[in-house]
>>> print(open('coords_0.txt').read())   # compact mmCIF, C-alpha atoms and all ligand atoms
# COMPACT_ATOMS: atom_id res chain seq x y z
CA MET A 25 0.00 0.00 0.00
CA ASN A 26 1.32 3.39 -0.95
CA ASP A 27 0.72 5.88 1.76
CA ILE A 28 0.73 9.52 0.64
CA CYS A 29 2.55 11.00 3.56
CA PHE A 30 1.42 9.39 6.76
CA PRO A 31 2.35 6.13 8.41
CA PRO A 32 -0.28 3.37 8.34
CA GLN A 33 -2.95 4.08 10.85
CA ASN A 34 -4.98 1.29 12.35
CA THR A 35 -6.44 3.08 15.32
CA LEU A 36 -9.53 5.24 14.98
CA LEU A 37 -8.74 8.75 13.86
CA SER A 38 -10.62 11.71 15.31
CA ALA A 39 -12.45 14.07 12.96
CA GLU A 40 -9.93 16.82 13.79
CA GLN A 41 -6.96 14.55 12.99
CA ALA A 42 -8.49 13.43 9.70
CA LEU A 43 -9.30 16.98 8.69
CA SER A 44 -5.85 18.24 9.55
CA ARG A 45 -4.27 15.42 7.52
CA ILE A 46 -6.44 16.31 4.56
CA GLN A 47 -5.49 19.97 4.92
CA GLN A 48 -1.80 19.16 5.18
CA THR A 49 -1.83 16.85 2.18
CA LEU A 50 -3.83 18.99 -0.20
CA ALA A 51 -2.40 22.15 -1.71
CA PRO A 52 -4.21 24.70 -3.87
CA ILE A 53 -4.34 23.65 -7.50
CA ALA A 54 -6.85 26.04 -9.00
CA THR A 55 -5.58 28.35 -11.69
CA ILE A 56 -6.93 31.87 -12.12
CA GLU A 57 -9.48 33.18 -14.56
CA SER A 58 -11.14 36.48 -15.23
CA VAL A 59 -14.93 36.63 -14.95
CA GLU A 60 -17.57 39.30 -15.39
CA LEU A 61 -18.72 40.75 -12.09
CA SER A 62 -22.25 39.62 -12.90
CA SER A 63 -21.15 35.97 -12.68
CA ALA A 64 -18.67 36.31 -9.83
CA LEU A 65 -21.04 35.64 -6.92
CA GLY A 66 -19.72 32.82 -4.73
CA ARG A 67 -16.44 32.57 -6.65
CA ILE A 68 -13.11 32.82 -4.80
CA LEU A 69 -11.41 36.13 -5.42
CA ALA A 70 -7.84 35.32 -6.51
CA THR A 71 -6.13 38.71 -6.34
CA ASP A 72 -6.61 41.73 -4.08
CA VAL A 73 -8.80 44.42 -5.56
CA PHE A 74 -7.99 48.13 -5.21
CA ALA A 75 -10.16 51.18 -5.77
CA SER A 76 -9.34 53.57 -8.59
CA ILE A 77 -11.85 56.20 -7.47
CA ASP A 78 -13.07 57.83 -4.27
CA MET A 79 -16.53 56.80 -3.20
CA PRO A 80 -18.53 58.94 -3.13
CA PRO A 81 -16.54 60.74 -5.81
CA GLN A 82 -17.81 64.13 -4.54
CA PRO A 83 -19.56 65.12 -1.30
CA ASN A 84 -23.27 64.44 -1.64
CA ALA A 85 -26.46 64.99 0.31
CA ALA A 86 -27.67 62.28 2.71
CA MET A 87 -31.16 63.84 2.87
CA ASP A 88 -33.68 65.72 0.78
CA GLY A 89 -33.48 69.30 2.07
CA TYR A 90 -31.48 72.49 1.68
CA ALA A 91 -27.71 73.03 1.40
CA PHE A 92 -25.90 76.15 2.53
CA ALA A 93 -22.72 77.46 4.19
CA ALA A 94 -23.19 77.80 7.96
CA ALA A 95 -20.59 80.53 8.50
CA GLY A 96 -22.21 83.60 10.04
CA LEU A 97 -25.49 81.80 10.84
CA CYS A 98 -26.81 80.96 14.28
CA GLY A 99 -28.97 77.85 14.63
CA ASP A 100 -30.36 78.77 18.06
CA ALA A 101 -33.16 80.85 16.59
CA GLU A 102 -35.23 80.50 13.43
CA PHE A 103 -33.54 81.98 10.35
CA SER A 104 -34.30 82.12 6.64
CA LEU A 105 -32.31 81.81 3.41
CA ARG A 106 -33.15 82.57 -0.21
CA VAL A 107 -33.38 79.55 -2.54
CA VAL A 108 -31.20 80.16 -5.59
CA GLY A 109 -31.37 76.82 -7.39
CA THR A 110 -31.72 73.05 -7.21
CA ALA A 111 -29.18 70.22 -6.99
CA TRP A 112 -30.60 66.93 -8.27
CA ALA A 113 -28.99 63.51 -8.03
CA GLY A 114 -27.10 63.33 -11.32
CA LYS A 115 -27.75 67.02 -12.14
CA PRO A 116 -25.55 69.24 -9.99
CA PHE A 117 -26.26 72.89 -9.16
CA THR A 118 -23.95 74.91 -11.39
CA GLY A 119 -24.52 78.42 -10.05
CA SER A 120 -22.77 80.11 -7.18
CA LEU A 121 -23.99 80.16 -3.62
CA ALA A 122 -23.49 83.28 -1.53
CA HIS A 123 -24.04 84.07 2.15
CA GLY A 124 -27.77 84.22 2.91
CA GLU A 125 -28.57 81.78 0.14
CA CYS A 126 -29.31 78.05 -0.06
CA VAL A 127 -29.89 75.39 -2.69
CA ARG A 128 -32.78 72.94 -2.79
CA ILE A 129 -31.02 69.55 -2.70
CA PHE A 130 -32.03 65.90 -3.06
CA THR A 131 -30.43 62.76 -1.63
CA GLY A 132 -27.34 61.78 -3.62
CA ALA A 133 -26.96 65.20 -5.29
CA VAL A 134 -23.50 66.79 -5.24
CA VAL A 135 -23.29 69.37 -2.46
CA PRO A 136 -22.28 72.79 -3.91
CA GLU A 137 -18.61 73.48 -3.23
CA THR A 138 -19.17 76.32 -0.79
CA ALA A 139 -21.89 74.56 1.23
CA ASP A 140 -21.05 72.64 4.41
CA SER A 141 -24.53 71.85 5.77
CA VAL A 142 -27.66 70.09 4.60
CA VAL A 143 -30.85 70.43 6.64
CA ALA A 144 -33.72 68.00 6.09
CA GLN A 145 -36.79 69.50 4.47
CA GLU A 146 -38.92 68.28 7.40
CA GLN A 147 -37.20 70.93 9.57
CA THR A 148 -38.03 73.77 7.20
CA ARG A 149 -40.96 75.72 5.86
CA VAL A 150 -41.05 77.49 2.51
CA GLU A 151 -42.53 80.90 1.83
CA ALA A 152 -42.16 82.20 -1.74
CA ASP A 153 -38.44 82.05 -2.56
CA ARG A 154 -37.36 81.85 1.10
CA VAL A 155 -36.86 78.83 3.34
CA TYR A 156 -37.28 79.13 7.11
CA PHE A 157 -35.16 76.82 9.27
CA ALA A 158 -36.61 75.85 12.66
CA ALA A 159 -34.44 76.20 15.77
CA PRO A 160 -32.44 74.46 17.00
CA CYS A 161 -30.81 73.90 13.61
CA LEU A 162 -27.73 71.67 13.45
CA PHE A 163 -25.00 72.65 10.98
CA GLN A 164 -22.38 70.56 9.18
CA LYS A 165 -24.63 67.51 9.03
CA ASN A 166 -26.16 65.27 6.38
CA ILE A 167 -23.25 65.40 3.94
CA ARG A 168 -21.47 62.23 2.87
CA SER A 169 -17.92 63.36 2.32
CA ALA A 170 -15.92 62.29 -0.74
CA GLY A 171 -14.18 58.98 -0.05
CA SER A 172 -16.22 58.30 3.10
CA ASP A 173 -17.07 54.81 1.81
CA PHE A 174 -13.63 54.06 0.31
CA LYS A 175 -10.74 56.04 -1.08
CA ARG A 176 -8.79 55.80 -4.29
CA GLN A 177 -5.97 53.20 -4.05
CA GLU A 178 -7.54 51.66 -0.96
CA ARG A 179 -7.68 47.85 -0.93
CA LEU A 180 -11.33 46.95 -1.30
CA ILE A 181 -11.19 43.18 -0.84
CA ALA A 182 -8.28 40.96 0.16
CA ALA A 183 -7.91 37.63 -1.63
CA PRO A 184 -8.77 34.87 -1.18
CA LYS A 185 -12.38 35.58 -0.40
CA LYS A 186 -15.64 33.99 -1.43
CA LEU A 187 -17.52 36.85 -3.04
CA SER A 188 -20.79 37.72 -1.28
CA PRO A 189 -23.63 39.90 -2.59
CA ARG A 190 -22.11 42.70 -0.46
CA ASP A 191 -18.75 42.24 -2.16
CA ILE A 192 -20.37 42.27 -5.60
CA SER A 193 -22.09 45.58 -4.86
CA LEU A 194 -18.87 47.06 -3.45
CA LEU A 195 -16.97 46.11 -6.61
CA ALA A 196 -19.75 47.50 -8.78
CA ALA A 197 -19.71 50.75 -6.80
CA ALA A 198 -15.99 50.97 -7.53
CA GLY A 199 -16.69 50.53 -11.24
CA ILE A 200 -14.94 47.15 -11.42
CA SER A 201 -16.57 45.04 -14.11
CA THR A 202 -14.30 41.98 -14.17
CA VAL A 203 -12.48 40.16 -11.38
CA GLU A 204 -9.84 37.47 -11.17
CA VAL A 205 -11.13 34.37 -9.45
CA LYS A 206 -9.95 30.81 -8.89
CA SER A 207 -10.85 28.53 -11.77
CA ARG A 208 -13.55 25.99 -11.09
CA LEU A 209 -12.54 22.54 -9.92
CA ARG A 210 -13.53 19.60 -12.12
CA ILE A 211 -15.16 17.11 -9.82
CA GLY A 212 -16.47 13.70 -10.81
CA TYR A 213 -18.78 11.69 -8.57
CA PHE A 214 -20.25 8.23 -8.74
CA SER A 215 -22.03 5.61 -6.69
CA THR A 216 -20.99 2.00 -6.27
CA GLY A 217 -23.28 -0.90 -5.53
CA ASP A 218 -25.11 -3.75 -7.26
CA GLU A 219 -28.28 -2.90 -5.35
CA LEU A 220 -28.67 0.55 -6.86
CA ALA A 221 -31.50 1.25 -9.25
CA PRO A 222 -32.02 4.40 -11.32
CA LEU A 223 -34.96 6.65 -10.62
CA GLY A 224 -37.79 5.85 -12.99
CA SER A 225 -37.28 2.08 -12.81
CA ALA A 226 -39.36 -0.31 -10.71
CA LEU A 227 -37.42 -1.74 -7.78
CA ALA A 228 -36.65 -5.45 -7.95
CA ILE A 229 -36.33 -7.24 -4.63
CA GLY A 230 -33.14 -6.15 -2.90
CA GLN A 231 -32.81 -2.94 -4.91
CA ILE A 232 -32.92 0.63 -3.63
CA TYR A 233 -32.81 3.87 -5.52
CA ASP A 234 -29.44 5.56 -5.81
CA SER A 235 -30.03 8.52 -3.52
CA ASN A 236 -26.36 9.25 -2.83
CA ARG A 237 -25.70 10.51 -6.33
CA TYR A 238 -28.52 13.02 -5.96
CA LEU A 239 -27.22 14.00 -2.54
CA LEU A 240 -23.73 14.57 -3.93
CA ALA A 241 -25.08 16.48 -6.91
CA ALA A 242 -26.94 18.79 -4.52
CA LEU A 243 -23.96 19.18 -2.19
CA LEU A 244 -21.67 19.97 -5.13
CA GLU A 245 -23.98 22.68 -6.45
CA ASP A 246 -21.43 25.45 -6.09
CA PRO A 247 -20.19 28.08 -8.53
CA ASN A 248 -16.62 26.95 -7.88
CA PHE A 249 -17.23 23.40 -8.99
CA MET A 250 -17.88 21.78 -12.35
CA ALA A 251 -19.49 18.61 -11.09
CA ASN A 252 -19.79 15.59 -13.39
CA ASP A 253 -22.22 12.79 -12.68
CA LEU A 254 -20.31 9.62 -13.58
CA GLY A 255 -23.17 7.28 -12.81
CA VAL A 256 -23.11 3.98 -10.98
CA VAL A 257 -20.32 1.44 -10.88
CA LYS A 258 -21.17 -2.18 -10.11
CA ASP A 259 -19.48 -4.05 -7.29
CA ASP A 260 -16.95 -5.33 -9.77
CA PRO A 261 -13.24 -4.61 -9.41
CA ALA A 262 -12.59 -4.39 -13.16
CA ALA A 263 -15.42 -1.90 -13.66
CA LEU A 264 -14.25 0.18 -10.72
CA GLU A 265 -10.67 0.22 -11.95
CA ALA A 266 -11.73 1.25 -15.45
CA MET A 267 -13.85 4.08 -14.02
CA LEU A 268 -11.14 5.35 -11.67
CA VAL A 269 -8.37 5.36 -14.23
CA GLN A 270 -10.45 7.02 -16.91
CA ALA A 271 -12.14 9.57 -14.64
CA ALA A 272 -8.91 10.48 -12.86
CA ALA A 273 -7.47 11.71 -16.14
CA GLN A 274 -10.34 14.17 -16.57
CA HIS A 275 -10.92 15.55 -13.08
CA ASP A 276 -9.21 17.39 -10.25
CA ALA A 277 -11.10 15.32 -7.69
CA LEU A 278 -13.29 12.23 -7.62
CA ILE A 279 -15.86 11.30 -5.01
CA SER A 280 -17.41 7.88 -4.69
CA THR A 281 -19.92 6.45 -2.25
CA GLY A 282 -20.18 2.89 -1.04
CA GLY A 283 -17.85 -0.07 -1.28
CA ALA A 284 -15.32 1.60 0.99
CA SER A 285 -15.76 -0.69 3.93
CA VAL A 286 -14.51 -4.20 4.64
CA GLY A 287 -17.31 -6.28 3.14
CA ASP A 288 -16.63 -8.87 0.45
CA ALA A 289 -18.17 -6.55 -2.17
CA ASP A 290 -16.15 -3.51 -1.07
CA TYR A 291 -13.48 -2.97 -3.72
CA VAL A 292 -12.58 0.71 -3.40
CA LYS A 293 -9.59 0.14 -1.16
CA GLN A 294 -8.20 -2.76 -3.22
CA ILE A 295 -8.49 -0.88 -6.52
CA LEU A 296 -7.03 2.32 -5.14
CA GLU A 297 -4.05 0.43 -3.83
CA LYS A 298 -3.57 -0.93 -7.32
CA CYS A 299 -3.94 2.31 -9.29
CA GLY A 300 -2.92 5.09 -6.96
CA GLN A 301 -1.81 6.24 -3.58
CA VAL A 302 -4.29 5.71 -0.86
CA HIS A 303 -4.90 6.09 2.79
CA PHE A 304 -7.76 4.43 4.56
CA TRP A 305 -8.99 5.80 7.78
CA LYS A 306 -11.32 4.41 10.28
CA LEU A 307 -12.74 7.52 11.80
CA ALA A 308 -13.93 7.90 15.37
CA ILE A 309 -17.12 9.53 14.17
CA LYS A 310 -20.70 8.38 13.73
CA PRO A 311 -22.00 8.11 11.14
CA GLY A 312 -19.11 7.82 8.71
CA LYS A 313 -16.56 5.38 9.99
CA PRO A 314 -14.63 4.33 6.85
CA LEU A 315 -13.11 7.05 4.69
CA ALA A 316 -10.72 6.53 1.82
CA PHE A 317 -8.56 9.45 0.81
CA GLY A 318 -5.92 9.30 -1.85
CA LYS A 319 -4.69 10.18 -5.29
CA ILE A 320 -4.80 8.57 -8.71
CA SER A 321 -2.31 10.28 -11.03
CA ASP A 322 -2.97 13.97 -10.39
CA CYS A 323 -6.54 13.49 -9.25
CA TRP A 324 -7.55 13.50 -5.58
CA PHE A 325 -9.94 10.83 -4.46
CA PHE A 326 -12.46 10.74 -1.62
CA GLY A 327 -14.10 7.36 -1.09
CA LEU A 328 -17.11 7.93 1.14
CA PRO A 329 -19.18 5.32 2.94
CA GLY A 330 -22.41 4.10 1.36
CA ASN A 331 -24.89 5.03 4.04
CA PRO A 332 -26.58 8.26 2.99
CA ILE A 333 -26.21 10.10 6.30
CA ALA A 334 -22.56 9.07 6.44
CA VAL A 335 -22.18 10.66 2.99
CA LEU A 336 -23.75 13.86 4.29
CA VAL A 337 -21.47 13.99 7.31
CA THR A 338 -18.22 13.01 5.61
CA TYR A 339 -18.83 15.35 2.70
CA ASN A 340 -19.36 18.31 5.02
CA LYS A 341 -16.59 17.46 7.45
CA PHE A 342 -13.83 16.30 5.10
CA VAL A 343 -14.59 16.61 1.40
CA LYS A 344 -15.85 20.21 1.38
CA PRO A 345 -12.90 21.53 3.42
CA GLY A 346 -10.59 19.51 1.15
CA LEU A 347 -12.13 20.97 -2.00
CA ASP A 348 -11.91 24.46 -0.50
CA ARG A 349 -8.23 23.84 0.09
CA LEU A 350 -7.74 22.73 -3.53
CA LEU A 351 -9.43 25.94 -4.58
CA GLY A 352 -7.20 28.00 -2.35
CA ALA A 353 -10.19 29.39 -0.48
CA SER A 354 -9.62 30.48 3.09
CA PRO A 355 -10.78 27.73 5.44
CA ALA A 356 -14.34 28.25 6.64
CA LYS A 357 -15.16 27.60 10.27
CA THR A 358 -18.49 25.91 10.85
CA LEU A 359 -20.83 27.95 13.03
CA GLN A 360 -21.47 26.18 16.33
CA ILE A 361 -23.97 27.40 18.89
CA SER A 362 -25.10 26.17 22.29
CA ALA A 363 -28.64 24.91 22.62
CA ARG A 364 -30.59 23.29 25.40
CA SER A 365 -31.63 19.76 24.50
CA ASP A 366 -35.35 19.06 24.69
CA SER A 367 -34.63 15.35 24.28
CA ASP A 368 -32.65 12.65 26.04
CA LEU A 369 -29.99 11.64 23.49
CA ARG A 370 -28.49 8.16 23.51
CA LYS A 371 -24.75 7.99 23.00
CA VAL A 372 -21.98 5.59 23.98
CA PRO A 373 -18.47 6.97 24.54
CA GLY A 374 -15.87 6.31 21.86
CA ARG A 375 -16.83 8.14 18.68
CA SER A 376 -18.02 11.71 18.21
CA GLU A 377 -21.51 11.83 16.77
CA TYR A 378 -23.36 14.15 14.44
CA GLN A 379 -26.95 13.52 15.41
CA ARG A 380 -29.73 15.08 13.41
CA GLY A 381 -31.72 17.70 15.32
CA VAL A 382 -34.37 20.36 14.98
CA LEU A 383 -33.11 23.67 16.29
CA ARG A 384 -35.34 26.58 17.25
CA GLN A 385 -34.84 29.97 18.88
CA LEU A 386 -36.88 30.75 21.97
CA ASP A 387 -38.52 34.09 22.77
CA ASN A 388 -35.71 34.85 25.23
CA GLY A 389 -33.15 34.47 22.42
CA GLU A 390 -31.77 31.14 23.63
CA PHE A 391 -31.74 28.06 21.43
CA ALA A 392 -33.37 24.70 22.03
CA VAL A 393 -32.85 21.53 20.04
CA THR A 394 -34.89 18.33 19.72
CA ALA A 395 -33.76 15.05 18.18
CA ALA A 396 -35.19 14.94 14.66
CA GLY A 397 -35.96 11.24 15.12
CA THR A 398 -34.01 8.05 15.56
CA GLN A 399 -30.43 8.24 14.48
CA ASP A 400 -29.71 5.43 12.04
CA SER A 401 -27.40 6.30 9.19
CA HIS A 402 -29.85 5.27 6.46
CA GLN A 403 -32.68 7.51 7.72
CA LEU A 404 -33.05 10.21 5.13
CA LYS A 405 -36.51 11.25 6.29
CA VAL A 406 -35.16 12.14 9.72
CA ALA A 407 -32.35 14.09 8.01
CA SER A 408 -34.91 15.90 5.89
CA VAL A 409 -36.82 17.00 9.00
CA ALA A 410 -33.57 18.08 10.71
CA ASN A 411 -32.08 21.55 10.38
CA CYS A 412 -28.86 20.94 12.31
CA PHE A 413 -26.29 18.48 13.55
CA ILE A 414 -26.12 17.99 17.30
CA VAL A 415 -22.40 17.48 17.81
CA LEU A 416 -21.60 15.10 20.64
CA SER A 417 -17.96 14.62 21.65
CA ALA A 418 -16.30 11.21 21.68
CA GLU A 419 -16.34 11.19 25.49
CA CYS A 420 -20.02 12.07 25.82
CA ASP A 421 -22.05 9.22 27.31
CA GLY A 422 -25.49 10.58 26.55
CA VAL A 423 -27.46 13.74 27.01
CA LYS A 424 -30.29 14.35 29.44
CA ARG A 425 -33.19 16.61 28.59
CA GLY A 426 -32.23 20.11 29.75
CA ASP A 427 -28.47 19.66 29.15
CA TRP A 428 -26.65 22.14 26.91
CA VAL A 429 -25.28 20.72 23.64
CA LEU A 430 -23.32 22.06 20.69
CA VAL A 431 -25.26 22.45 17.49
CA GLU A 432 -24.23 23.16 13.90
CA PRO A 433 -27.14 24.67 11.93
CA PHE A 434 -27.40 23.55 8.30
CA SER A 435 -28.24 27.12 7.31
CA LEU A 436 -28.83 30.52 8.91
CA GLU A 437 -32.57 30.15 8.41
CA LEU A 438 -34.33 27.99 10.95
P1 LIG B 501 -21.60 0.04 1.43
O1 LIG B 501 -20.73 1.08 2.02
O2 LIG B 501 -21.43 -0.12 -0.03
O3 LIG B 501 -21.49 -1.25 2.17
O4 LIG B 501 -23.09 0.56 1.66
C1 LIG B 501 -23.60 0.78 2.96
C2 LIG B 501 -25.10 0.99 2.91
O5 LIG B 501 -25.38 2.13 2.13
C3 LIG B 501 -25.86 -0.16 2.27
O6 LIG B 501 -27.07 -0.32 2.96
C4 LIG B 501 -26.10 0.36 0.87
O7 LIG B 501 -27.22 -0.24 0.27
C5 LIG B 501 -26.30 1.82 1.09
N1 LIG B 501 -25.95 2.57 -0.10
C6 LIG B 501 -24.80 2.42 -0.80
N2 LIG B 501 -24.79 3.24 -1.85
C7 LIG B 501 -25.96 3.91 -1.84
C8 LIG B 501 -26.53 4.90 -2.69
N3 LIG B 501 -25.88 5.34 -3.76
N4 LIG B 501 -27.75 5.37 -2.39
C9 LIG B 501 -28.39 4.92 -1.30
N5 LIG B 501 -27.90 4.00 -0.45
C10 LIG B 501 -26.70 3.49 -0.71
MG MG B 502 -21.93 -1.42 -1.41
>>> encode(input="coords_0.txt", output="structure tokens")
Amino acid sequence: MNDICFPPQNTLLSAEQALSRIQQTLAPIATIESVELSSALGRILATDVFASIDMPPQPNAAMDGYAFAAAGLCGDAEFSLRVVGTAWAGKPFTGSLAHGECVRIFTGAVVPETADSVVAQEQTRVEADRVYFAAPCLFQKNIRSAGSDFKRQERLIAAPKKLSPRDISLLAAAGISTVEVKSRLRIGYFSTGDELAPLGSALAIGQIYDSNRYLLAALLEDPNFMANDLGVVKDDPAALEAMLVQAAAQHDALISTGGASVGDADYVKQILEKCGQVHFWKLAIKPGKPLAFGKISDCWFFGLPGNPIAVLVTYNKFVKPGLDRLLGASPAKTLQISARSDSDLRKVPGRSEYQRGVLRQLDNGEFAVTAAGTQDSHQLKVASVANCFIVLSAECDGVKRGDWVLVEPFSLEL
């Protein structure tokens, strides 16, 4: 057996150890490409971006109201000024503004050069060509100074960063229409198993539908990935070898499910040993004990277990961070929060567990979590009801109703 860089490991590996080995072994491979800003959402920014303009470019009004110079005025008593023109957003006031005069101004309009104050129209009353300002009147307010958002030559975004809607709008505001991002990874995925039937066919006895491939397709839905569905491989070593060798030549990473364990029909390990470098780990986590990680030619390989919930867990905990590393994205830390358990949770010490839970926020702001159902690793309906993992440490020997537990929400919406 060719080990990539670690000595053979027969003992159970913790999730942290496995993840750190994956992180150490993988190095960024993604090249760089230029994309239009309109298709850059979610991509990994590859080079720092700098501003070439001040934003706002000129001082502008933060309110609809009146602009004037405050020098010589006293805001403690009502005063009036003569309106000499209008400044619209996009249509600046071009005249000159003298003492005793003001300009009608709208939000976003350039503030006339000599003005230093904008007063909201709600604090004024108009009579003929004069505006009366109610006391007390605050001066030097309601003007967004030039460069108060960002300044010319300032670094707007440091790479690497996954571009958010806020980043996209920032870049647009700076007039940046194309950005350099990491090229997309080519990822192939397939299922293994003689029992797998395609959707649309009637199930013969002993068959199940191939849900893992749909799960992986959904998990790989990411603008940084070009995911290829490679179908199903039978529990047949020759077929598996042919698939691995051919697919490895065309992808940056391959992901398989099933056949990674120690059963008589589990060929992933054997074939990987033959065609590439491989490391098999028995992980101290539940679900998701066996995990194959290795390389065939230049292609990284993740051999996940067959049980659907084990696929969900191992993808999130090991594959996704590994793919992010290949991309050169900065490592993302999973949000963990404390919640009070509404359920007794069964757990034996030894492996850390990712139980499926339903998390909710209480009126007092605290979180409570309930087991989504029983916790077998084939139970997709329970996983569908769940909105979080309840993370139980290896040492934990069960949870009593009312205990605090750590929870990882699947999304920010509960
Ligand atoms: P294996 O790791 O191949 O021994 O599979 C473990 C369990 O996961 C078995 O019950 C399989 O039937 C099931 N399984 C394997 N692959 C899939 C799949 N693609 N979709 C749904 N279940 C699967
Ligand atoms: Mg199998």
>>> residues_around(input="coords_0.txt", residues="A:Phe130", least_positions_apart="4", cutoff="8 Å", atoms="all atoms listed in the file", output="compact mmCIF listing (two decimals) with C-alpha atoms, keeping the file's coordinate frame")
# COMPACT_ATOMS: atom_id res chain seq x y z
CA ALA A 85 -26.46 64.99 0.31
CA MET A 87 -31.16 63.84 2.87
CA ASP A 88 -33.68 65.72 0.78
CA GLY A 89 -33.48 69.30 2.07
CA ALA A 111 -29.18 70.22 -6.99
CA TRP A 112 -30.60 66.93 -8.27
CA ALA A 113 -28.99 63.51 -8.03
>>> residues_near_ligand(input="coords_0.txt", ligand="ligand MG 502 (chain B)", cutoff="10 Å", atoms="all atoms listed in the file", output="short mmCIF file (atom, residue, chain, number, x, y, z; two decimals) with C-alpha atoms, in the coordinates of the input")
data_model
loop_
_atom_site.label_atom_id
_atom_site.label_comp_id
_atom_site.auth_asym_id
_atom_site.auth_seq_id
_atom_site.Cartn_x
_atom_site.Cartn_y
_atom_site.Cartn_z
CA SER A 215 -22.03 5.61 -6.69
CA THR A 216 -20.99 2.00 -6.27
CA GLY A 217 -23.28 -0.90 -5.53
CA ASP A 218 -25.11 -3.75 -7.26
CA GLU A 219 -28.28 -2.90 -5.35
CA LEU A 220 -28.67 0.55 -6.86
CA LYS A 258 -21.17 -2.18 -10.11
CA ASP A 259 -19.48 -4.05 -7.29
CA THR A 281 -19.92 6.45 -2.25
CA GLY A 282 -20.18 2.89 -1.04
CA GLY A 283 -17.85 -0.07 -1.28
CA ALA A 284 -15.32 1.60 0.99
CA SER A 285 -15.76 -0.69 3.93
CA VAL A 286 -14.51 -4.20 4.64
CA GLY A 287 -17.31 -6.28 3.14
CA ASP A 288 -16.63 -8.87 0.45
CA ALA A 289 -18.17 -6.55 -2.17
CA ASP A 290 -16.15 -3.51 -1.07
CA TYR A 291 -13.48 -2.97 -3.72
CA VAL A 292 -12.58 0.71 -3.40
CA PRO A 329 -19.18 5.32 2.94
CA GLY A 330 -22.41 4.10 1.36
CA ASN A 331 -24.89 5.03 4.04
#
>>> atom_distance(input="coords_0.txt", atom1="atom CA of A:Gly318", atom2="atom CA of A:Gly300")
7.3 Å
>>> atom_distance(input="coords_0.txt", atom1="atom CA of A:Thr338", atom2="atom CA of A:Lys306")
12.0 Å
>>> closest_residue(input="coords_0.txt", among="A:Arg370, A:Arg208, A:His303, A:Arg190", to="A:Asp276", atoms="all atoms listed in the file")
A:Arg208
>>> residues_around(input="coords_0.txt", residues="A:Leu97", least_positions_apart="6", cutoff="10 Å", atoms="all atoms listed in the file", output="list in words")
Phe103, Ser104, His123, Gly124, Cys161 and Phe163 of chain A
>>> closest_atom_pairs(input="coords_0.txt", of="stretch 323-360 of chain A", to="stretch 247-256 of chain A", cutoff="10 Å", atoms="only C-alpha atoms", output="tab-separated table")
residue	atom	partner	partner_atom	distance
A:Leu347	CA	A:Phe249	CA	9.0
A:Asp348	CA	A:Asn248	CA	9.1
A:Leu351	CA	A:Asn248	CA	8.0
>>> closest_residue(input="coords_0.txt", among="A:Leu383, A:Ala334, A:Ala356, A:Leu369", to="ligand LIG 501 (chain B)", atoms="only C-alpha atoms and all ligand atoms")
A:Ala334
>>> axis_aligned_box(input="coords_0.txt", around="ligand LIG 501 (chain B)", padding_each_side="4 Å", output="lines of an AutoDock Vina configuration file")
center_x = -24.6
center_y = 2.1
center_z = -0.4
size_x = 15.7
size_y = 14.6
size_z = 14.7
>>> closest_residue(input="coords_0.txt", among="A:Lys319, A:Lys293, A:Arg364, A:Arg380", to="ligand LIG 501 (chain B)", atoms="all atoms listed in the file")
A:Lys293
>>> closest_residue(input="coords_0.txt", among="A:Thr398, A:Ser63, A:Asn236, A:Gln48", to="ligand LIG 501 (chain B)", atoms="all atoms listed in the file")
A:Asn236
>>> atom_distance(input="coords_0.txt", atom1="atom CA of A:Ser435", atom2="atom CA of A:Gln385")
13.6 Å
>>> decode(input="coords_0.txt", residues="stretch 190-195 of chain A", atoms="N, CA, C and O atoms", output="JSON list (two decimals), in the first residue's frame")
[["chain", "number", "residue", "atom", "x", "y", "z"],
["A", 190, "ARG", "N", -22.65, 41.40, -0.92],
["A", 190, "ARG", "CA", -22.11, 42.70, -0.46],
["A", 190, "ARG", "C", -20.81, 43.03, -1.19],
["A", 190, "ARG", "O", -20.56, 44.17, -1.56],
["A", 191, "ASP", "N", -20.00, 42.01, -1.41],
["A", 191, "ASP", "CA", -18.75, 42.24, -2.16],
["A", 191, "ASP", "C", -19.06, 42.66, -3.60],
["A", 191, "ASP", "O", -18.40, 43.54, -4.15],
["A", 192, "ILE", "N", -20.03, 41.97, -4.20],
["A", 192, "ILE", "CA", -20.37, 42.27, -5.60],
["A", 192, "ILE", "C", -20.81, 43.73, -5.71],
["A", 192, "ILE", "O", -20.38, 44.46, -6.63],
["A", 193, "SER", "N", -21.62, 44.19, -4.76],
["A", 193, "SER", "CA", -22.09, 45.58, -4.86],
["A", 193, "SER", "C", -20.95, 46.55, -4.60],
["A", 193, "SER", "O", -20.87, 47.62, -5.22],
["A", 194, "LEU", "N", -20.04, 46.20, -3.70],
["A", 194, "LEU", "CA", -18.87, 47.06, -3.45],
["A", 194, "LEU", "C", -18.03, 47.21, -4.72],
["A", 194, "LEU", "O", -17.64, 48.33, -5.10],
["A", 195, "LEU", "N", -17.79, 46.07, -5.39],
["A", 195, "LEU", "CA", -16.97, 46.11, -6.61],
["A", 195, "LEU", "C", -17.68, 46.91, -7.70],
["A", 195, "LEU", "O", -17.05, 47.69, -8.43]]
